[in-house]
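Notes to accompany the following structure.
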Amino acid sequence: MTGVAGTQGHGGVAGLVDAVRAGEVDLAALGESMHARMAELYPVPRSLTGDGVRATLDLLDAVAPLERHSVPTGYQAYDWTVTDEWSLRRATITDADGRVVVDTDDHTLHVVGYSTPVRATLSLEEMRGHLHTLPDHPDWIPYRTSYYHRRWGFCLPHRLLERMEAGEFTAPYDVVVDADLGPGELTWGELVVPGETDEEVMVTAHLCHPSIANDNLSGLVLATELARTLAGLGRRRWTYRFLFAPGTVGSVVWLAQNVEGRERIRHGLVLTGLGGPGPLVHKRSRRGDREVDRAVGHVVARRGGEQRDYSPWGYDERQFNALGFDLPFARLSRTPHNEYPEYHTSADDLSYVRPAELADAFAALLEVVDVLENDATPRNLQPHGEPQLGKRGLYPTTGGQAANEAVMAMLWVLAYADGATSLVDIATRADVDFAAVRHAADRLSRTDLLA
Amino acid sequence: MTGVAGTQGHGGVAGLVDAVRAGEVDLAALGESMHARMAELYPVPRSLTGDGVRATLDLLDAVAPLERHSVPTGYQAYDWTVTDEWSLRRATITDADGRVVVDTDDHTLHVVGYSTPVRATLSLEEMRGHLHTLPDHPDWIPYRTSYYHRRWGFCLPHRLLERMEAGEFTAPYDVVVDADLGPGELTWGELVVPGETDEEVMVTAHLCHPSIANDNLSGLVLATELARTLAGLGRRRWTYRFLFAPGTVGSVVWLAQNVEGRERIRHGLVLTGLGGPGPLVHKRSRRGDREVDRAVGHVVARRGGEQRDYSPWGYDERQFNALGFDLPFARLSRTPHNEYPEYHTSADDLSYVRPAELADAFAALLEVVDVLENDATPRNLQPHGEPQLGKRGLYPTTGGQAANEAVMAMLWVLAYADGATSLVDIATRADVDFAAVRHAADRLSRTDLLA
Amino acid sequence: MTGVAGTQGHGGVAGLVDAVRAGEVDLAALGESMHARMAELYPVPRSLTGDGVRATLDLLDAVAPLERHSVPTGYQAYDWTVTDEWSLRRATITDADGRVVVDTDDHTLHVVGYSTPVRATLSLEEMRGHLHTLPDHPDWIPYRTSYYHRRWGFCLPHRLLERMEAGEFTAPYDVVVDADLGPGELTWGELVVPGETDEEVMVTAHLCHPSIANDNLSGLVLATELARTLAGLGRRRWTYRFLFAPGTVGSVVWLAQNVEGRERIRHGLVLTGLGGPGPLVHKRSRRGDREVDRAVGHVVARRGGEQRDYSPWGYDERQFNALGFDLPFARLSRTPHNEYPEYHTSADDLSYVRPAELADAFAALLEVVDVLENDATPRNLQPHGEPQLGKRGLYPTTGGQAANEAVMAMLWVLAYADGATSLVDIATRADVDFAAVRHAADRLSRTDLLA
């Protein structure tokens with residue numbers, strides 16, 4: 001087992017975070033392992049629905065056992081109607097000499113998602129309106145979908161189109177989209193790791209994108225790894241629910257199906273784009289000051305990352321944060337979608353995503369969970385001046401020297417532990433890791449200075 | 001008619017703002033027209049009171065019909081007593097050879113405002129205490145007044161004084177201030193453009209400065225042009241009251257005379273110094289967070305301008321914002337008084353003020369009015385997740401590409417339209433023009449997604 | 001008498017601040033005088049308790065008469081127990097040839113504070129664990145104490161240790177710590193300058209450090225000088241209590257002994273490290289927004305100093321601000337402890353501390369006291385527009401020119417004097433000295449415009 005859950009037998013995530021901080025966890029191997037899992041998932045022809053989604057859930061299930069759910073085509077979830085199911089077998093463009101010019105067996109991005117089945121022989125001019133390229137990145141294949149408007153299309157490198165225009169191939173072309181498009185189901189997976197209460201931390205990663213690595217195989221493998229890790233811990237304060245669903249409509253369907261369940265969500269986190277370069281980025285919830293914002297904000301700040309205010313563009317945080325639900329969902333990513341040129345192209349591939357960044361993101365996730373699990377608002381039991389730490393063995397016996405970090409963390413906790421201020425806020429104020437403040441609170445509790 | 005009111009027949013200021021944004025309004029011609037109007041106003045010998053004020057009101061009346069008001073000398077307005085009326089015919093300094101050295105027929109700034117009538121023959125030494133110059137800007141004439149202390153004086157270029165000192169002219173000098181100074185009246189003009197409610201937006205521009213272009217002929221022509229434009233629109237939410245009064249005492253008198261009327265003021269705006277170079281500057285109201293501040297703040301920020309906190313120095317915003325009235329008056333200007341060397345000198349002339357800046361300020365004013373007229377706090381009627389914009393024709397049918405500005409503006413409105421958040425605040429938060437958010441709200445309303 | 005108390009006979013601290021601002025106080029002489037006082041205090045072998053503390057109080061008493069207080073060894077103050085008393089006579093290391101290698105008669109820092117008495121003949125190796133040096137600053141003697149763990153030790157320049165290691169001296173060494181360590185008392189001094197109310201401003205400076213100039217002879221002489229000055233004034237709003245006590249335990253003991261007295265503290269100020277280079281630094285109280293924070297913050301900002309948030313490390317502000325007391329204590333210093341290399345070494349000596357910085361800190365202290373004494377929340381009695389200042393002789397009679405600072409300060413006061421906004425907040429908002437706003441308020445009160 002390459003995961004980290006086995007590296008510490010007892011206790012909760014705190015011990016694991018401490019082990020990571022102490023260098024006792026082989027993060028490099030973990031990063032490689034997650035990257036290998038992405039390589040398995042990469043060629044599966046995912047879309048909003050269909051066989052690719054189910055095959056993806058099969059692969060994730062092998063890491064941590066999933067529940068599967070579905071609703072049929074036509075299901076009404078608030079303003080959304082579940083569309084037909086689409087399963088691609090293969091889509092090709094073949095020239096008159098029988099040369100296969102474009103083939104989804106080479107890359108799942110070659111077909112516009114939800115293309116209607118077609119078999120036709122067409123000139124290049126007749127195909128034009130169905131061909132999508134990126135002239136600015138002529139070697140990349142763009143990612144395009146048409147879920148709600150019936151059409152077919154192919155995506156290809158602009159250079160290939162230029163070769164077609166130059167007459168390198170022989171017109172007319174045989175165009176084939178071999179796919180099923182009709183009534184079926186919308187499918188998603190859930191993974192529940194129970195805790196001491198049935199109040200939940202919900203972690204979501206969208207699974208509708210085809211062969212795109214950072215967006216969002218990175219989110220899928222990180223969430224699965226986190227689920228497996230948390231399941232291996234001895235104790236969890238919260239119940240953790242992982243949702244692997246197609247973007248937008250998948251989340252809206254889940255919310256419609258779980259009117260009571262969604263009331264149990266205390267903290268929510270959307271994971272996407274975590275394997276590419278660039279610093280960690282915390283996108284705040286819509287309200288911006290939820291507990292999950294303070295947790296993610298603290299961890300990301302300590303790691304030199306960026307904080308961004310909510311905007312109504314992005315991933316499923318838009319659905320959970322919508323006014324009618326108003327759930328506290330933050331998002332954790334690296335360089336956000338739209339801000340790197342490889343976004344939504346074939347260049348967001350397995351080489352764009354690196355094991356080290358995956359491992360680093362995983363360590364950050366553990367730290368976020370540590371805050372969610374272990375944050376508290378303790379009270380100083382000896383508030384009349386600083387307690388005499390020295391007589392409890394908590395203070396250096398030689399005076400005159402600078403305080404060390406452990407002592408400072410205890411002093412910060414004692415100074416602000418008024419029963420209403422949380423440890424993560426104290427850590428942020430003190431500019432130290434939450435783990436240091438958690439340790440300080442533990443030591444003070446053990447010496448009856450804190451409750 | 002060079003104005004813009006005729007360029008759109010129906011609807012309110014929103015259509016006009018949209019036309020300006022679409023390049024359908026000839027702003028260049030409008031700027032020239034306003035500049036030409038300033039040229040007519042420039043030579044009139046304005047002061048706190050008197051014939052110059054009345055002549056100025058005559059000229060403004062030709063653009064948009066005014067009501068005239070006055071109170072007599074001795075009128076008590078709170079702490080202020082209306083002083084004598086002063087009307088200048090001509091003031092000259094003539095040397096012993098009959099050469100006219102200084103002449104208000106050349107420039108109205110040559111005489112200290114409210115100079116007492118005088119006829120005397122004096123040596124240069126005897127005149128000294130009565131002569132004002134600017135040694136640092138030796139070619140400019142300073143602007144000086146003495147409304148409440150009886151004295152006489154002349155303002156002249158420092159170089160001219162040096163020539164007098166060098167003996168270029170022949171002493172003694174005949175000094176003549178031919179003016180009336182005695183009981184009379186303080187005069188002002190008002191222009192009311194009625195709207196759907198009798199609650200008011202009040203726009204003021206002081207009219208007491210003589211031949212100074214930016215301060216405040218620019219404010220006078222912009223306010224008049226705005227009045228004429230608003231009168232030509234089919235619909236106005238608010239009643240607009242334009243006040244053209246002498247600075248400080250004029251506003252205090254208006255406030256004393258309109259104890260009930262001032263209660264109807266919902267938003268106030270002082271216009272001054274809008275034709276010179278430099279970015280637009282929003283001076284906030286005293287409290288700093290009024291609706292007018294959010295409107296002006298938004299427009300000025302979008303145009304790259306500056307925001308400044310209130311200070312008790314400047315123009316008539318000081319009177320309206322005073323603690324006893326506490327009215328929400330912001331000020332719109334360019335480079336504020338005191339921050340450009342030409343301020344209160346003859347160098348603030350018609351060449352200092354440019355048609356393009358006037359036109360730009362006018363466009364900004366229209367945008368401010370657009371916010372005041374059309375801001376609202378709508379409510380998302382489909383708040384459970386993002387509504388499916390695509391089925392309403394509001395969303396591109398091909399997925400995978402970046403959202404366009406119009407879609408983004410709709411998403412912003414949907415995300416924050418909780419019935420308490422205003423559109424201008426959403427626009428500021430989203431970093432887009434108010435007009436884009438207004439359009440988004442219109443489209444959403446028409447598809448029953450917003451109310 | 002070199003002090004400044006005598007330079008103005010009447011009135012309170014305001015007159016003195018004005019005299020300093022007018023250049024009528026010989027600050028240079030005052031700085032020299034305070035520096036000379038530090039030179040007297042420098043060689044006294046201070047510690048947490050003992051003869052050195054009492055000798056220090058004797059010297060301070062000569063400047064301004066003190067009350068002395070003490071509690072016996074074993075006294076329990078909340079979590080703290082008063083330790084034994086320690087009085088050093090002399091500590092030496094002598095080599096086998098009778099050469100005195102280390103001697104507290106040369107420098108009181110040579111012995112670890114609270115060293116147990118010892119007489120022994122030891123090799124260098126046997127002494128090793130008892131010798132403290134600073135390898136990075138080989139010519140400096142470190143400052144070390146061991147109040148609560150019984151041990152002995154010597155502090156010496158690292159170069160001297162190297163010479164011992166090089167065999168320049170002849171082993172074995174005679175080690176002598178000639179000190180009394182046993183039941184006794186913890187001693188402190190208080191100095192009370194009564195005012196119109198028995199509510200108090202408390203100023204503290206720790207007196208437990210031996211021959212270290214900036215930390216905290218600077219605080220001691222500044223506090224004493226301030227006490228003497230305030231006692232010489234005709235009027236004080238508050239009662240001023242100066243506390244000269246050993247750090248940490250001294251303050252906790254005071255707080256335990258003065259359960260009722262501490263309720264009278266309205267503002268608190270800790271003085272330390274005020275004679276070195278670097279700008280003034282305001283360390284805010286724990287809550288950060290107390291009146292004393294606004295006073296010290298204003299003065300320090302006007303003087304180009306720094307503002308720092310509270311942290312639970314430093315001096316006795318930690319005890320007074322502790323959750324159980326929650327008293328509003330700010331700290332005034334220059335470059336904080338730990339941020340200059342000389343901190344807690346022999347290099348923090350009389351040459352590190354300069355008369356000019358002491359004098360400047362004293363002037364700042366007077367300004368802080370001016371705010372505490374004279375801040376108020378007056379009400380504008382003529383709030384309907386700006387009052388006509390000219391008819392009261394408060395405004396220049398010639399218009400058109402820029403307002404001077406005195407006029408501006410009056411306008412700021414009139415604009416914000418709503419009966420709830422304090423003068424220091426107005427001064428901060430207006431970006432002018434508190435004294436200018438105080439003068440403006442005085443002038444407006446005298447003309448019945450303010451109450």
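Here, A, B, ... name the chains of the structure tokens in the order displayed, residue numbers run from 1 inside each chain, and ligands are numbered from 1 in the same displayed order.
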Practice prompt. Find the residues in chain B near chain C: any atom within 10 Å counts, using only C-alpha atoms. Write them as a ChimeraX atom specification.
Written response: /B:77-81,112-113,142-151,209,248-249,251-253,255-256,286-287,309-313,316-326,337-338,343-345
How would the residues just picked look written out with N, CA and C atoms as a compact mmCIF listing (two decimals), in the first residue's frame?
```txt
# COMPACT_ATOMS: atom_id res chain seq x y z
N ALA B 77 -29.16 83.86 7.37
CA ALA B 77 -29.27 82.43 7.09
C ALA B 77 -28.35 81.70 8.07
N TYR B 78 -28.99 81.17 9.14
CA TYR B 78 -28.18 80.55 10.21
C TYR B 78 -27.10 81.54 10.65
N ASP B 79 -25.85 81.14 10.54
CA ASP B 79 -24.78 81.99 11.07
C ASP B 79 -24.36 83.09 10.10
N TRP B 80 -24.96 83.11 8.92
CA TRP B 80 -24.49 84.02 7.88
C TRP B 80 -25.47 85.16 7.65
N THR B 81 -24.93 86.35 7.41
CA THR B 81 -25.74 87.51 7.06
C THR B 81 -25.38 87.90 5.62
N VAL B 112 -9.75 93.25 -7.02
CA VAL B 112 -10.13 92.42 -5.87
C VAL B 112 -11.65 92.45 -5.77
N GLY B 113 -12.27 91.27 -5.74
CA GLY B 113 -13.72 91.19 -5.67
C GLY B 113 -14.23 91.94 -4.45
N PRO B 142 -3.49 86.91 -10.04
CA PRO B 142 -4.17 86.13 -9.00
C PRO B 142 -5.64 86.53 -8.87
N TYR B 143 -6.41 85.64 -8.23
CA TYR B 143 -7.82 85.91 -7.94
C TYR B 143 -7.94 86.19 -6.45
N ARG B 144 -8.44 87.38 -6.11
CA ARG B 144 -8.59 87.74 -4.69
C ARG B 144 -9.95 88.39 -4.48
N THR B 145 -10.50 88.17 -3.30
CA THR B 145 -11.78 88.79 -2.93
C THR B 145 -11.69 89.31 -1.51
N SER B 146 -12.60 90.17 -1.18
CA SER B 146 -12.70 90.67 0.20
C SER B 146 -14.16 90.95 0.50
N TYR B 147 -14.94 89.87 0.58
CA TYR B 147 -16.39 90.02 0.72
C TYR B 147 -16.81 90.68 2.03
N TYR B 148 -16.09 90.39 3.09
CA TYR B 148 -16.61 90.77 4.40
C TYR B 148 -15.73 91.81 5.10
N HIS B 149 -14.67 92.22 4.46
CA HIS B 149 -13.82 93.26 5.03
C HIS B 149 -13.68 94.33 3.95
N ARG B 150 -14.06 95.54 4.25
CA ARG B 150 -14.09 96.61 3.25
C ARG B 150 -12.70 97.08 2.92
N ARG B 151 -12.31 96.89 1.69
CA ARG B 151 -11.02 97.36 1.20
C ARG B 151 -11.10 97.41 -0.32
N HIS B 209 -17.41 82.79 -9.28
CA HIS B 209 -16.05 83.13 -9.70
C HIS B 209 -16.11 83.88 -11.03
N THR B 248 -20.62 78.99 -0.79
CA THR B 248 -20.76 79.07 0.66
C THR B 248 -22.06 79.78 1.05
N VAL B 249 -22.08 81.13 1.07
CA VAL B 249 -23.26 81.83 1.55
C VAL B 249 -24.47 81.51 0.69
N SER B 251 -25.20 78.65 -0.81
CA SER B 251 -25.74 77.36 -0.40
C SER B 251 -26.40 77.44 0.95
N VAL B 252 -25.79 78.18 1.85
CA VAL B 252 -26.38 78.30 3.19
C VAL B 252 -27.73 78.99 3.11
N VAL B 253 -27.81 80.02 2.28
CA VAL B 253 -29.09 80.70 2.11
C VAL B 253 -30.13 79.74 1.52
N LEU B 255 -30.26 76.55 1.79
CA LEU B 255 -30.63 75.58 2.83
C LEU B 255 -31.56 76.20 3.85
N ALA B 256 -31.32 77.49 4.16
CA ALA B 256 -32.18 78.17 5.12
C ALA B 256 -33.57 78.41 4.53
N ARG B 286 -19.33 63.33 3.60
CA ARG B 286 -18.70 63.31 4.92
C ARG B 286 -18.77 61.93 5.54
N ARG B 287 -19.94 61.29 5.45
CA ARG B 287 -20.04 59.94 6.01
C ARG B 287 -19.31 58.92 5.14
N ASP B 309 -11.33 60.73 0.43
CA ASP B 309 -12.23 60.92 1.56
C ASP B 309 -12.63 62.38 1.69
N TYR B 310 -13.70 62.58 2.39
CA TYR B 310 -14.17 63.94 2.66
C TYR B 310 -13.13 64.73 3.41
N SER B 311 -13.06 66.00 3.10
CA SER B 311 -12.33 66.93 3.95
C SER B 311 -13.14 68.21 3.98
N PRO B 312 -13.03 68.98 5.05
CA PRO B 312 -13.88 70.17 5.18
C PRO B 312 -13.29 71.36 4.46
N TRP B 313 -12.80 71.15 3.28
CA TRP B 313 -12.25 72.22 2.49
C TRP B 313 -12.65 71.92 1.07
N ASP B 316 -19.18 73.60 -2.20
CA ASP B 316 -20.39 73.64 -1.39
C ASP B 316 -20.78 72.30 -0.77
N GLU B 317 -20.05 71.24 -1.10
CA GLU B 317 -20.25 69.99 -0.35
C GLU B 317 -20.06 70.25 1.15
N ARG B 318 -19.25 71.24 1.51
CA ARG B 318 -19.05 71.54 2.94
C ARG B 318 -20.34 71.97 3.61
N GLN B 319 -21.18 72.73 2.88
CA GLN B 319 -22.40 73.22 3.51
C GLN B 319 -23.45 72.10 3.58
N PHE B 320 -23.62 71.37 2.50
CA PHE B 320 -24.66 70.34 2.49
C PHE B 320 -24.32 69.19 3.43
N ASN B 321 -23.04 68.88 3.55
CA ASN B 321 -22.62 67.81 4.44
C ASN B 321 -22.50 68.24 5.90
N ALA B 322 -22.63 69.53 6.18
CA ALA B 322 -22.41 70.01 7.56
C ALA B 322 -23.33 69.24 8.52
N LEU B 323 -22.83 69.07 9.75
CA LEU B 323 -23.52 68.22 10.73
C LEU B 323 -25.00 68.51 10.88
N GLY B 324 -25.38 69.79 10.80
CA GLY B 324 -26.78 70.13 11.01
C GLY B 324 -27.68 69.75 9.85
N PHE B 325 -27.09 69.53 8.65
CA PHE B 325 -27.89 69.12 7.49
C PHE B 325 -27.63 67.64 7.18
N ASP B 326 -26.36 67.28 7.18
CA ASP B 326 -25.95 65.88 7.00
C ASP B 326 -26.51 65.28 5.70
N HIS B 337 -8.93 71.57 -6.77
CA HIS B 337 -8.44 72.90 -6.43
C HIS B 337 -7.22 72.79 -5.54
N ASN B 338 -6.32 73.71 -5.70
CA ASN B 338 -5.12 73.76 -4.87
C ASN B 338 -4.04 72.81 -5.33
N TYR B 343 -4.75 77.14 -10.48
CA TYR B 343 -5.92 77.35 -9.62
C TYR B 343 -6.00 78.79 -9.11
N HIS B 344 -7.16 79.38 -9.26
CA HIS B 344 -7.41 80.73 -8.77
C HIS B 344 -6.43 81.75 -9.34
N THR B 345 -6.13 81.58 -10.63
CA THR B 345 -5.34 82.59 -11.34
C THR B 345 -5.91 82.74 -12.75
```
Fill in: Every residue of stretch 241-323 of chain B that DSSP places in helix (DSSP H, G or I), as a PyMOL selection string
chain B and resi 249-257+261-264+291-302+317-320
Practice prompt. With a distance cut-off of 9 Å and only C-alpha atoms, select the neighbouring residues of stretch 289-291 of chain C, excluding the residue or stretch itself and same-chain residues fewer than 5 positions from it, and output the selection as a PyMOL selection string.
Written response: chain C and resi 266-267+284+296+328-330+372
Worksheet item: DSSP on the backbone: what in stretch 208-358 of chain B comes out strand (DSSP E or B), as a list in words?
Response: Thr239, Tyr240, Arg241, Phe242, Leu243, Phe244, Ala245, Ile265, Arg266, His267, Gly268, Leu269, Val270, Leu271, Val281, His282, Lys283, Glu306, Gln307, Arg308, Phe329, Ala330, Arg331, Leu332, Ser333 and Thr345 of chain B
Mind dumping the selected residues with C-alpha atoms as an mmCIF file, in the first residue's frame?
```cif
data_model
loop_
_atom_site.group_PDB
_atom_site.id
_atom_site.type_symbol
_atom_site.label_atom_id
_atom_site.label_comp_id
_atom_site.auth_asym_id
_atom_site.auth_seq_id
_atom_site.Cartn_x
_atom_site.Cartn_y
_atom_site.Cartn_z
ATOM 1 C CA THR B 239 -36.733 64.920 -9.735
ATOM 2 C CA TYR B 240 -33.489 66.729 -10.551
ATOM 3 C CA ARG B 241 -32.773 70.119 -9.059
ATOM 4 C CA PHE B 242 -29.840 72.144 -10.333
ATOM 5 C CA LEU B 243 -28.589 74.943 -8.135
ATOM 6 C CA PHE B 244 -26.428 77.747 -9.532
ATOM 7 C CA ALA B 245 -25.536 79.904 -6.560
ATOM 8 C CA ILE B 265 -32.828 65.404 -1.341
ATOM 9 C CA ARG B 266 -31.879 61.772 -1.734
ATOM 10 C CA HIS B 267 -28.577 62.272 -3.537
ATOM 11 C CA GLY B 268 -26.423 65.336 -4.002
ATOM 12 C CA LEU B 269 -23.564 66.103 -6.306
ATOM 13 C CA VAL B 270 -21.262 69.115 -6.497
ATOM 14 C CA LEU B 271 -19.687 69.762 -9.905
ATOM 15 C CA VAL B 281 -11.780 62.549 -8.789
ATOM 16 C CA HIS B 282 -14.582 61.450 -6.500
ATOM 17 C CA LYS B 283 -14.654 63.273 -3.196
ATOM 18 C CA GLU B 306 -9.329 58.644 -7.889
ATOM 19 C CA GLN B 307 -11.369 58.316 -4.717
ATOM 20 C CA ARG B 308 -10.793 60.763 -1.888
ATOM 21 C CA PHE B 329 -23.333 65.215 -1.239
ATOM 22 C CA ALA B 330 -20.391 63.811 -3.130
ATOM 23 C CA ARG B 331 -18.236 65.929 -5.393
ATOM 24 C CA LEU B 332 -17.079 65.166 -8.891
ATOM 25 C CA SER B 333 -14.084 67.008 -10.254
ATOM 26 C CA THR B 345 -5.335 82.587 -11.342
#
```
Worksheet item: Could you pull the residues within 12 Å of B:Asp95, counting only C-alpha atoms, minus those fewer than 4 positions along the same chain, as a PyMOL selection string?
Response: chain B and resi 99-103+120-124+164+167-176
Might you pull out every residue within 7 Å of A:Glu373, with only C-alpha atoms counted and same-chain residues fewer than 3 positions away left off, and present them as a PDB file with N, CA, C and O atoms, in the first residue's frame?
```pdb
ATOM      1  N   ARG A 237     -13.772  13.238  13.552  1.00  0.00           N
ATOM      2  CA  ARG A 237     -14.829  14.029  14.177  1.00  0.00           C
ATOM      3  C   ARG A 237     -16.039  14.083  13.249  1.00  0.00           C
ATOM      4  O   ARG A 237     -17.160  13.812  13.655  1.00  0.00           O
ATOM      5  N   TRP A 238     -15.831  14.439  12.010  1.00  0.00           N
ATOM      6  CA  TRP A 238     -16.904  14.605  11.037  1.00  0.00           C
ATOM      7  C   TRP A 238     -17.059  13.362  10.165  1.00  0.00           C
ATOM      8  O   TRP A 238     -16.118  12.604   9.980  1.00  0.00           O
ATOM      9  N   VAL A 369      -7.898  19.352   6.598  1.00  0.00           N
ATOM     10  CA  VAL A 369      -8.718  18.425   7.383  1.00  0.00           C
ATOM     11  C   VAL A 369      -8.319  18.492   8.864  1.00  0.00           C
ATOM     12  O   VAL A 369      -9.182  18.453   9.748  1.00  0.00           O
ATOM     13  N   ASP A 370      -7.044  18.633   9.118  1.00  0.00           N
ATOM     14  CA  ASP A 370      -6.581  18.778  10.505  1.00  0.00           C
ATOM     15  C   ASP A 370      -7.273  19.964  11.173  1.00  0.00           C
ATOM     16  O   ASP A 370      -7.757  19.867  12.315  1.00  0.00           O
TER      17      ASP A 370
END
```
Residues at most 8 Å from stretch 45-57 of chain C, counting only C-alpha atoms, excluding those fewer than 4 positions away in the same chain, as a PDB file with C-alpha atoms, in the first residue's frame?
```
ATOM      1  CA  LEU C  41      22.148  53.643  37.485  1.00  0.00           C
ATOM      2  CA  ASP C  61      13.833  58.318  44.620  1.00  0.00           C
ATOM      3  CA  LEU C  66       8.841  56.849  45.640  1.00  0.00           C
ATOM      4  CA  GLU C  85      15.999  36.897  47.271  1.00  0.00           C
ATOM      5  CA  TRP C  86      19.378  37.129  45.620  1.00  0.00           C
ATOM      6  CA  SER C  87      22.009  39.726  46.338  1.00  0.00           C
ATOM      7  CA  LEU C  88      25.358  39.595  44.642  1.00  0.00           C
ATOM      8  CA  THR C 108      27.476  42.996  36.349  1.00  0.00           C
ATOM      9  CA  GLY C 113      21.526  36.164  37.511  1.00  0.00           C
ATOM     10  CA  TYR C 114      20.502  34.146  40.580  1.00  0.00           C
ATOM     11  CA  TYR C 147      15.561  32.581  38.538  1.00  0.00           C
ATOM     12  CA  GLY C 184      13.874  37.623  51.596  1.00  0.00           C
ATOM     13  CA  GLU C 185      11.552  39.862  49.681  1.00  0.00           C
ATOM     14  CA  LEU C 186      10.510  41.051  46.272  1.00  0.00           C
ATOM     15  CA  THR C 187      10.695  44.835  46.212  1.00  0.00           C
ATOM     16  CA  TRP C 188       9.195  47.478  43.969  1.00  0.00           C
ATOM     17  CA  GLY C 189       8.605  51.190  43.902  1.00  0.00           C
ATOM     18  CA  LEU C 207      13.796  47.476  36.861  1.00  0.00           C
ATOM     19  CA  CYS C 208      15.243  43.961  37.068  1.00  0.00           C
ATOM     20  CA  HIS C 209      17.888  44.136  34.352  1.00  0.00           C
ATOM     21  CA  PRO C 210      21.480  44.773  35.502  1.00  0.00           C
ATOM     22  CA  SER C 211      23.947  46.863  33.487  1.00  0.00           C
ATOM     23  CA  PRO C 246      10.897  43.462  38.379  1.00  0.00           C
ATOM     24  CA  GLY C 247       9.555  42.058  35.110  1.00  0.00           C
TER      25      GLY C 247
END
```
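With atom CA of C:His130 on one side and atom CA of C:Ala166 on the other, the separation reads 18.3 Å.
With atom CA of C:Pro355 on one side and atom CA of C:Asp18 on the other, the separation reads 21.3 Å.
With atom CA of B:Val259 on one side and atom CA of B:Tyr75 on the other, the separation reads 15.6 Å.
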